[in-house]
$ cat structure.txt   # compact mmCIF, C-alpha atoms and all ligand atoms
# COMPACT_ATOMS: atom_id res chain seq x y z
CA MET A 770 -100.42 147.36 26.28
CA LEU A 771 -102.00 145.71 29.33
CA GLN A 772 -105.39 144.11 28.91
CA THR A 773 -108.61 145.39 30.43
CA GLY A 774 -110.70 142.43 29.26
CA TYR A 775 -110.18 138.80 28.33
CA ARG A 776 -108.77 138.53 24.79
CA GLY A 777 -110.44 135.12 24.28
CA PRO A 778 -108.89 131.70 23.99
CA HIS A 779 -105.79 130.78 22.05
CA ALA A 780 -106.15 127.82 19.72
CA LEU A 781 -103.94 125.08 21.14
CA SER A 782 -103.75 122.23 18.66
CA THR A 783 -102.99 118.72 19.88
CA ARG A 784 -99.91 118.33 17.66
CA GLY A 785 -98.62 121.79 18.58
CA TRP A 786 -98.95 120.99 22.28
CA LEU A 787 -97.35 117.52 22.05
CA ASP A 788 -94.32 118.87 20.13
CA PHE A 789 -94.00 121.62 22.74
CA VAL A 790 -94.15 119.17 25.67
CA ALA A 791 -91.43 117.02 24.10
CA ARG A 792 -89.02 120.01 24.45
CA LEU A 793 -90.23 121.23 27.84
CA GLU A 794 -88.23 120.84 31.07
CA ARG A 795 -90.29 121.78 34.11
CA ARG A 796 -88.71 119.98 37.08
CA GLU A 797 -88.83 123.04 39.33
CA GLU A 798 -92.51 123.65 38.61
CA ILE A 799 -93.44 120.03 39.28
CA ALA A 800 -91.43 119.97 42.52
CA LEU A 801 -93.20 123.12 43.71
CA VAL A 802 -96.65 121.73 42.91
CA ARG A 803 -95.77 118.54 44.79
CA SER A 804 -94.63 120.49 47.85
CA LEU A 805 -97.80 122.63 47.77
CA THR A 806 -100.10 119.59 47.61
CA ALA A 807 -98.21 117.45 50.13
CA GLY A 808 -100.87 117.89 52.85
CA ASN A 809 -103.85 117.41 50.58
CA GLY A 810 -106.05 114.37 50.04
CA LYS A 811 -108.45 114.78 47.16
CA ALA A 812 -107.11 116.60 44.12
CA LEU A 813 -108.59 117.81 40.84
CA ASP A 814 -106.38 118.88 37.93
CA VAL A 815 -108.43 121.03 35.55
CA GLY A 816 -107.14 120.79 31.96
CA GLY A 817 -104.58 118.13 32.83
CA GLY A 818 -103.27 117.96 29.25
CA THR A 819 -100.55 115.38 28.73
CA GLY A 820 -100.58 114.72 32.45
CA GLU A 821 -97.07 115.40 33.86
CA LEU A 822 -98.46 117.41 36.76
CA THR A 823 -101.51 115.17 37.22
CA GLN A 824 -99.17 112.20 37.51
CA ALA A 825 -96.84 113.93 39.98
CA VAL A 826 -99.79 114.78 42.23
CA ALA A 827 -101.27 111.28 41.87
CA VAL A 828 -98.00 109.64 42.90
CA GLN A 829 -97.90 111.81 46.00
CA LEU A 830 -101.55 111.56 47.06
CA GLY A 831 -102.37 108.08 45.78
CA GLY A 832 -104.73 109.47 43.16
CA CYS A 833 -105.87 112.52 41.21
CA THR A 834 -108.88 113.36 39.08
CA ALA A 835 -108.38 115.32 35.87
CA VAL A 836 -110.93 117.05 33.65
CA GLU A 837 -109.74 117.64 30.10
CA PRO A 838 -111.64 118.53 26.91
CA HIS A 839 -109.08 116.61 24.83
CA THR A 840 -108.63 113.36 26.77
CA ASP A 841 -106.45 111.99 23.93
CA ARG A 842 -103.72 114.44 25.06
CA ALA A 843 -103.11 112.45 28.26
CA THR A 844 -100.11 110.60 26.88
CA VAL A 845 -97.89 110.21 29.92
CA LEU A 846 -100.32 108.85 32.47
CA ARG A 847 -99.09 105.56 33.79
CA GLU A 848 -100.11 105.74 37.43
CA THR A 849 -103.12 103.97 38.82
CA GLY A 850 -105.51 106.16 40.75
CA ILE A 851 -105.79 108.74 37.96
CA GLU A 852 -109.25 109.37 36.64
CA ILE A 853 -109.51 111.49 33.48
CA LEU A 854 -112.96 112.80 32.67
CA PRO A 855 -113.91 114.63 29.51
CA GLY A 856 -115.12 118.14 30.29
CA SER A 857 -114.15 121.75 30.64
CA ALA A 858 -113.34 124.20 33.41
CA GLU A 859 -116.54 126.11 32.69
CA HIS A 860 -118.72 123.12 33.66
CA LEU A 861 -116.99 120.89 36.18
CA PRO A 862 -118.97 117.66 36.63
CA PHE A 863 -118.72 117.62 40.45
CA ASP A 864 -120.76 118.64 43.48
CA ASP A 865 -119.76 121.73 45.48
CA GLY A 866 -116.76 121.15 47.76
CA THR A 867 -115.73 117.78 46.26
CA PHE A 868 -111.94 118.42 46.39
CA ASP A 869 -109.53 119.91 48.89
CA VAL A 870 -107.10 121.06 46.20
CA VAL A 871 -107.85 122.16 42.65
CA LEU A 872 -105.04 122.76 40.16
CA ALA A 873 -105.42 124.83 37.00
CA ASN A 874 -102.02 124.93 35.37
CA TRP A 875 -101.43 126.87 32.15
CA ILE A 876 -105.09 126.59 31.18
CA LEU A 877 -106.53 130.09 31.66
CA PRO A 878 -105.43 131.35 28.19
CA TYR A 879 -107.47 128.52 26.61
CA VAL A 880 -110.83 128.74 28.36
CA THR A 881 -113.81 130.33 26.63
CA ASP A 882 -115.31 131.91 29.74
CA LEU A 883 -112.50 133.09 32.05
CA GLU A 884 -114.58 134.25 35.01
CA GLY A 885 -117.05 131.36 34.68
CA ALA A 886 -114.19 128.85 34.76
CA LEU A 887 -112.72 130.46 37.88
CA HIS A 888 -116.10 130.44 39.67
CA GLU A 889 -116.39 126.74 38.87
CA ILE A 890 -112.88 126.04 40.17
CA ALA A 891 -113.73 127.79 43.44
CA ARG A 892 -117.09 126.03 43.71
CA VAL A 893 -115.64 122.51 43.83
CA VAL A 894 -113.16 123.29 46.67
CA ASP A 895 -114.09 122.21 50.20
CA LEU A 896 -113.28 125.45 52.05
CA THR A 897 -113.59 123.72 55.45
CA HIS A 898 -110.63 121.42 54.76
CA PRO A 899 -107.53 122.61 56.70
CA GLU A 900 -105.37 122.39 53.55
CA ALA A 901 -107.98 123.74 51.13
CA LYS A 902 -106.36 125.53 48.21
CA VAL A 903 -106.40 126.42 44.55
CA VAL A 904 -103.12 126.32 42.64
CA ILE A 905 -102.99 128.20 39.34
CA ILE A 906 -99.93 128.47 37.10
CA GLY A 907 -99.62 131.16 34.46
CA GLY A 908 -96.81 132.96 32.68
CA ALA A 909 -94.41 135.27 34.51
CA PRO A 910 -94.09 138.86 33.21
CA ASP A 911 -90.69 138.01 31.67
CA ASN A 912 -91.88 134.76 30.05
CA GLU A 913 -89.65 134.47 26.96
CA LEU A 914 -92.02 132.31 24.95
CA VAL A 915 -94.98 134.67 25.37
CA SER A 916 -92.78 137.72 24.64
CA LEU A 917 -91.51 136.16 21.39
CA LEU A 918 -95.05 135.28 20.29
CA ASN A 919 -96.38 138.73 21.21
CA GLU A 920 -93.56 140.36 19.26
CA THR A 921 -93.87 138.27 16.09
CA CYS A 922 -97.00 136.15 15.51
CA VAL A 923 -99.69 138.00 17.46
CA PRO A 924 -99.49 141.17 15.30
CA ILE A 925 -99.72 139.06 12.12
CA ALA A 926 -102.82 137.36 13.52
CA GLU A 927 -104.14 140.87 14.29
CA GLU A 928 -105.04 139.74 17.80
CA PRO A 929 -104.65 141.59 21.10
CA PRO A 930 -101.38 140.67 22.83
CA ASP A 931 -101.33 137.86 25.33
CA ASP A 932 -101.26 139.20 28.90
CA GLN A 933 -100.70 136.41 31.43
CA GLY A 934 -100.67 138.87 34.35
CA TYR A 935 -104.22 139.93 33.50
CA LEU A 936 -105.38 136.31 33.74
CA LEU A 937 -103.82 135.85 37.17
CA SER A 938 -105.23 139.15 38.43
CA VAL A 939 -108.75 138.08 37.36
CA ALA A 940 -108.16 134.72 39.07
CA GLU A 941 -107.31 136.48 42.32
CA GLU A 942 -110.40 138.71 42.12
CA VAL A 943 -112.81 135.86 41.36
CA LEU A 944 -111.34 133.62 44.06
CA LYS A 945 -111.58 136.50 46.59
CA SER A 946 -115.28 136.78 45.81
CA ASN A 947 -115.64 133.02 46.49
CA GLY A 948 -114.22 132.80 50.02
CA PHE A 949 -110.46 132.77 49.36
CA SER A 950 -108.51 135.37 51.30
CA ARG A 951 -104.85 134.29 51.53
CA PHE A 952 -102.75 134.47 48.38
CA THR A 953 -99.11 133.70 47.67
CA ALA A 954 -97.20 133.79 44.39
CA HIS A 955 -94.07 131.80 43.56
CA ARG A 956 -91.91 132.19 40.48
CA THR A 957 -90.72 129.10 38.61
CA GLU A 958 -88.21 128.49 35.84
CA ALA A 959 -89.14 126.17 33.00
CA ALA A 960 -87.80 126.13 29.46
CA LEU A 961 -88.04 124.59 26.04
CA HIS A 962 -84.69 123.09 25.11
CA PHE A 963 -83.04 123.14 21.69
CA PRO A 964 -79.85 121.05 21.95
CA GLU A 965 -79.24 121.09 18.16
CA ALA A 966 -75.66 122.21 17.48
CA GLY A 967 -76.26 124.42 14.45
CA LEU A 968 -77.91 127.82 14.87
CA ASP A 969 -80.00 127.45 11.68
CA GLU A 970 -81.26 124.06 12.82
CA ARG A 971 -82.18 125.45 16.25
CA VAL A 972 -83.94 128.47 14.78
CA ARG A 973 -85.98 126.29 12.40
CA ALA A 974 -86.99 123.88 15.15
CA ALA A 975 -87.90 126.63 17.62
CA ALA A 976 -89.80 128.65 15.00
CA GLN A 977 -91.97 125.64 14.16
CA ILE A 978 -92.66 124.90 17.84
CA LEU A 979 -93.56 128.54 18.60
CA VAL A 980 -95.85 129.03 15.61
CA ASN A 981 -97.54 125.65 16.07
CA PHE A 982 -98.11 126.37 19.76
CA TRP A 983 -100.92 128.87 19.10
CA TYR A 984 -101.15 129.20 15.32
CA GLU A 985 -100.67 125.77 13.76
CA ASP A 986 -103.89 126.01 11.75
CA HIS A 987 -103.73 129.78 11.11
CA PRO A 988 -103.82 130.83 7.42
CA ALA A 989 -100.81 133.13 8.03
CA ALA A 990 -98.72 130.41 9.76
CA HIS A 991 -96.11 130.54 7.00
CA GLU A 992 -95.72 134.32 7.32
CA MET A 993 -95.39 133.87 11.08
CA LEU A 994 -92.53 131.38 10.62
CA THR A 995 -90.66 134.01 8.59
CA ALA A 996 -91.32 136.68 11.23
CA VAL A 997 -90.30 134.57 14.22
CA GLU A 998 -86.94 133.42 12.82
CA PRO A 999 -84.99 136.74 13.16
CA ALA A 1000 -86.39 137.21 16.68
CA LEU A 1001 -85.17 133.71 17.56
CA ARG A 1002 -81.70 134.45 16.15
CA ARG A 1003 -81.50 137.47 18.48
CA HIS A 1004 -82.82 135.38 21.37
CA PHE A 1005 -80.33 132.52 20.83
CA SER A 1006 -77.43 135.01 20.78
CA ARG A 1007 -78.27 135.65 24.46
CA ARG A 1008 -79.53 132.18 25.47
CA PRO A 1009 -78.22 129.72 22.90
CA HIS A 1010 -80.17 126.53 23.64
CA ALA A 1011 -83.37 127.40 25.45
CA VAL A 1012 -86.52 129.52 25.35
CA GLY A 1013 -87.79 130.23 28.85
CA ASP A 1014 -91.33 129.42 29.91
CA GLN A 1015 -91.08 131.22 33.23
CA GLY A 1016 -94.17 130.79 35.41
CA VAL A 1017 -96.01 132.28 38.36
CA VAL A 1018 -97.68 129.80 40.71
CA LEU A 1019 -100.59 131.53 42.41
CA VAL A 1020 -101.82 129.76 45.54
CA ALA A 1021 -105.16 130.76 47.05
CA ARG A 1022 -106.33 129.61 50.46
CA PRO A 1023 -109.57 130.43 52.35
C1 LIG B 1 -101.07 124.43 27.85
S1 LIG B 1 -101.98 122.99 28.20
C2 LIG B 1 -101.58 122.71 29.91
C3 LIG B 1 -101.83 121.27 30.33
C4 LIG B 1 -101.49 120.92 31.79
N1 LIG B 1 -102.31 121.64 32.75
C5 LIG B 1 -100.04 121.16 32.07
O1 LIG B 1 -99.70 122.09 32.82
O2 LIG B 1 -99.23 120.39 31.54
C6 LIG B 1 -103.63 123.61 28.30
C7 LIG B 1 -104.67 122.53 28.49
O3 LIG B 1 -105.94 123.13 28.75
C8 LIG B 1 -106.91 122.37 28.09
N2 LIG B 1 -108.11 123.19 27.91
C9 LIG B 1 -108.48 123.95 26.86
N3 LIG B 1 -109.66 124.52 27.09
C10 LIG B 1 -110.05 124.13 28.32
C11 LIG B 1 -111.21 124.37 29.11
N4 LIG B 1 -112.19 125.16 28.69
N5 LIG B 1 -111.29 123.76 30.31
C12 LIG B 1 -110.28 122.97 30.76
N6 LIG B 1 -109.17 122.71 30.05
C13 LIG B 1 -109.05 123.27 28.85
C14 LIG B 1 -106.25 121.98 26.79
O4 LIG B 1 -106.89 120.88 26.16
C15 LIG B 1 -104.85 121.64 27.27
O5 LIG B 1 -104.72 120.30 27.62

$ encode --input "structure.txt" --output "structure tokens"
Amino acid sequence: MLQTGYRGPHALSTRGWLDFVARLERREEIALVRSLTAGNGKALDVGGGTGELTQAVAVQLGGCTAVEPHTDRATVLRETGIEILPGSAEHLPFDDGTFDVVLANWILPYVTDLEGALHEIARVVDLTHPEAKVVIIGGAPDNELVSLLNETCVPIAEEPPDDQGYLLSVAEEVLKSNGFSRFTAHRTEAALHFPEAGLDERVRAAAQILVNFWYEDHPAAHEMLTAVEPALRRHFSRRPHAVGDQGVVLVARP
């Protein structure tokens, strides 16, 4: 069932996220973000996480600022010119119009105040800059990871299903009300890889990654592991070594 309101944030534990990132291949997504930001100068990455995208943008533009509530997650940052500030999307510590591009990649399902965060993102963009834009990545409708979680763990948690399309539609509405009028959407392929030879080994590894992604500390995590395993067996019969994390890159310009 599609959402008519924000279901509230998923819990994303640090360990769950780091184990996930270790399996994630997202070359296409990173290449697209780099091509979109090529003409920009001053970039903000909201919720930069472990920093793969922050780093790619920093290499290209000679710097990038990131705001992240869990600054200890920024494990891959090696470039100079990256500034990581503690903070959240709901309260960005910058004056209006400080950046010409603001990125918010895979963060909307984790914010407490969805609309408030989007207003803040819009506020810090300099709309007079010729390359002014907001880049938001969320899940595509056929995202395999989200579908597997919705099918198995979400009902056990007795939560409303995750609806990534709802998040992107709210983003478009809020940005429209803040001076953005041109929108494009690009689909990207990314995937978690499970090269283990044996099916049982793959299923066990993938089940742990999926459950830990949103439910690592949930009291029913063990029950979820049992529920996700048969779904993963069916999935791996079609796609033996990967679980897709297909994305939609929404680009908003004034
Ligand atoms: C799934 S990760 C994505 C990280 C990064 N943007 C990427 O694409 O690799 C979500 C990130 O959002 C961060 N986050 C959670 N709540 C947030 C908030 N209210 N404001 C900004 N970031 C938040 C998390 O700490 C985490 O690093």

$ closest_residue --input "structure.txt" --among "A:Glu889, A:Pro988, A:Leu805, A:Val915" --to "Thr953 in chain A" --atoms "only C-alpha atoms"
A:Leu805

$ closest_residue --input "structure.txt" --among "A:Val802, A:Leu793, A:Ala886, A:Ala959" --to "Val904 in chain A" --atoms "only C-alpha atoms"
A:Val802

$ closest_residue --input "structure.txt" --among "A:Gly818, A:Pro862, A:Pro930, A:Pro878" --to "ligand LIG 1 (chain B)" --atoms "only C-alpha atoms and all ligand atoms"
A:Gly818

$ residues_around --input "structure.txt" --residues "Ser857 in chain A" --least-positions-apart "5" --cutoff "9 Å" --atoms "only C-alpha atoms" --output "number ranges by chain"
A: 815-816, 836-838, 862, 880, 886

$ residues_around --input "structure.txt" --residues "Thr806 in chain A" --least-positions-apart "5" --cutoff "10 Å" --atoms "only C-alpha atoms" --output "NGL selection string"
:A and (801 or 811-812 or 826 or 829-830 or 869-872 or 900-904)

$ atom_distance --input "structure.txt" --atom1 "CA of His1010 in chain A" --atom2 "CA of Leu822 in chain A"
24.3 Å

$ residues_near_ligand --input "structure.txt" --ligand "ligand LIG 1 (chain B)" --cutoff "9 Å" --atoms "all atoms listed in the file" --output "ChimeraX atom specification"
/A:778-783,786,790,814-823,836-840,842-843,856-861,872-883,886,906,982

$ write_last_selection --input "structure.txt" --atoms "C-alpha atoms" --output "CSV table (one decimal), keeping the file's coordinate frame"
chain,number,residue,atom,x,y,z
A,778,PRO,CA,-108.9,131.7,24.0
A,779,HIS,CA,-105.8,130.8,22.0
A,780,ALA,CA,-106.2,127.8,19.7
A,781,LEU,CA,-103.9,125.1,21.1
A,782,SER,CA,-103.8,122.2,18.7
A,783,THR,CA,-103.0,118.7,19.9
A,786,TRP,CA,-99.0,121.0,22.3
A,790,VAL,CA,-94.2,119.2,25.7
A,814,ASP,CA,-106.4,118.9,37.9
A,815,VAL,CA,-108.4,121.0,35.6
A,816,GLY,CA,-107.1,120.8,32.0
A,817,GLY,CA,-104.6,118.1,32.8
A,818,GLY,CA,-103.3,118.0,29.2
A,819,THR,CA,-100.6,115.4,28.7
A,820,GLY,CA,-100.6,114.7,32.4
A,821,GLU,CA,-97.1,115.4,33.9
A,822,LEU,CA,-98.5,117.4,36.8
A,823,THR,CA,-101.5,115.2,37.2
A,836,VAL,CA,-110.9,117.0,33.6
A,837,GLU,CA,-109.7,117.6,30.1
A,838,PRO,CA,-111.6,118.5,26.9
A,839,HIS,CA,-109.1,116.6,24.8
A,840,THR,CA,-108.6,113.4,26.8
A,842,ARG,CA,-103.7,114.4,25.1
A,843,ALA,CA,-103.1,112.4,28.3
A,856,GLY,CA,-115.1,118.1,30.3
A,857,SER,CA,-114.2,121.8,30.6
A,858,ALA,CA,-113.3,124.2,33.4
A,859,GLU,CA,-116.5,126.1,32.7
A,860,HIS,CA,-118.7,123.1,33.7
A,861,LEU,CA,-117.0,120.9,36.2
A,872,LEU,CA,-105.0,122.8,40.2
A,873,ALA,CA,-105.4,124.8,37.0
A,874,ASN,CA,-102.0,124.9,35.4
A,875,TRP,CA,-101.4,126.9,32.2
A,876,ILE,CA,-105.1,126.6,31.2
A,877,LEU,CA,-106.5,130.1,31.7
A,878,PRO,CA,-105.4,131.4,28.2
A,879,TYR,CA,-107.5,128.5,26.6
A,880,VAL,CA,-110.8,128.7,28.4
A,881,THR,CA,-113.8,130.3,26.6
A,882,ASP,CA,-115.3,131.9,29.7
A,883,LEU,CA,-112.5,133.1,32.0
A,886,ALA,CA,-114.2,128.8,34.8
A,906,ILE,CA,-99.9,128.5,37.1
A,982,PHE,CA,-98.1,126.4,19.8

$ closest_residue --input "structure.txt" --among "A:Ser916, A:Ala827, A:Phe949, A:Leu813" --to "Val893 in chain A" --atoms "only C-alpha atoms"
A:Leu813

$ atom_distance --input "structure.txt" --atom1 "CA of Arg795 in chain A" --atom2 "CA of Asn912 in chain A"
13.7 Å

$ closest_residue --input "structure.txt" --among "A:Gly948, A:Gly907, A:Pro899, A:Pro855" --to "Asp931 in chain A" --atoms "all atoms listed in the file"
A:Gly907

$ residues_near_point --input "structure.txt" --point "(-108.6, 136.7, 35.8)" --cutoff "10 Å" --atoms "only C-alpha atoms" --output "PyMOL selection string"
chain A and resi 774-775+877-878+883-884+886-887+933-944

$ atom_distance --input "structure.txt" --atom1 "CA of Glu794 in chain A" --atom2 "CA of Trp983 in chain A"
19.2 Å

$ closest_residue --input "structure.txt" --among "A:Ile978, A:Ala954, A:Leu917, A:Val923" --to "Phe1005 in chain A" --atoms "only C-alpha atoms"
A:Leu917

$ decode --input "structure.txt" --residues "range 883-896 of chain A" --atoms "N, CA and C atoms" --output "mmCIF file, in the first residue's frame"
data_model
loop_
_atom_site.group_PDB
_atom_site.id
_atom_site.type_symbol
_atom_site.label_atom_id
_atom_site.label_comp_id
_atom_site.auth_asym_id
_atom_site.auth_seq_id
_atom_site.Cartn_x
_atom_site.Cartn_y
_atom_site.Cartn_z
ATOM 1 N N LEU A 883 10.736 14.949 7.829
ATOM 2 C CA LEU A 883 10.979 14.879 6.379
ATOM 3 C C LEU A 883 10.848 16.247 5.712
ATOM 4 N N GLU A 884 9.721 16.904 5.911
ATOM 5 C CA GLU A 884 9.499 18.190 5.236
ATOM 6 C C GLU A 884 10.461 19.253 5.755
ATOM 7 N N GLY A 885 10.695 19.246 7.074
ATOM 8 C CA GLY A 885 11.623 20.226 7.664
ATOM 9 C C GLY A 885 13.018 20.073 7.059
ATOM 10 N N ALA A 886 13.462 18.820 6.896
ATOM 11 C CA ALA A 886 14.786 18.580 6.331
ATOM 12 C C ALA A 886 14.859 19.107 4.895
ATOM 13 N N LEU A 887 13.797 18.886 4.132
ATOM 14 C CA LEU A 887 13.799 19.323 2.732
ATOM 15 C C LEU A 887 13.769 20.855 2.635
ATOM 16 N N HIS A 888 13.030 21.515 3.520
ATOM 17 C CA HIS A 888 13.049 22.992 3.537
ATOM 18 C C HIS A 888 14.462 23.501 3.833
ATOM 19 N N GLU A 889 15.138 22.844 4.762
ATOM 20 C CA GLU A 889 16.499 23.241 5.107
ATOM 21 C C GLU A 889 17.448 23.054 3.922
ATOM 22 N N ILE A 890 17.313 21.929 3.238
ATOM 23 C CA ILE A 890 18.158 21.646 2.072
ATOM 24 C C ILE A 890 17.977 22.756 1.032
ATOM 25 N N ALA A 891 16.713 23.113 0.785
ATOM 26 C CA ALA A 891 16.434 24.172 -0.206
ATOM 27 C C ALA A 891 16.987 25.514 0.264
ATOM 28 N N ARG A 892 16.876 25.777 1.545
ATOM 29 C CA ARG A 892 17.283 27.080 2.097
ATOM 30 C C ARG A 892 18.756 27.385 1.846
ATOM 31 N N VAL A 893 19.622 26.370 1.914
ATOM 32 C CA VAL A 893 21.058 26.645 1.836
ATOM 33 C C VAL A 893 21.589 26.659 0.395
ATOM 34 N N VAL A 894 20.672 26.530 -0.602
ATOM 35 C CA VAL A 894 21.110 26.590 -2.007
ATOM 36 C C VAL A 894 21.028 28.031 -2.505
ATOM 37 N N ASP A 895 22.084 28.462 -3.186
ATOM 38 C CA ASP A 895 22.118 29.786 -3.817
ATOM 39 C C ASP A 895 21.394 29.685 -5.165
ATOM 40 N N LEU A 896 20.128 30.098 -5.192
ATOM 41 C CA LEU A 896 19.311 29.922 -6.403
ATOM 42 C C LEU A 896 19.772 30.811 -7.555
#
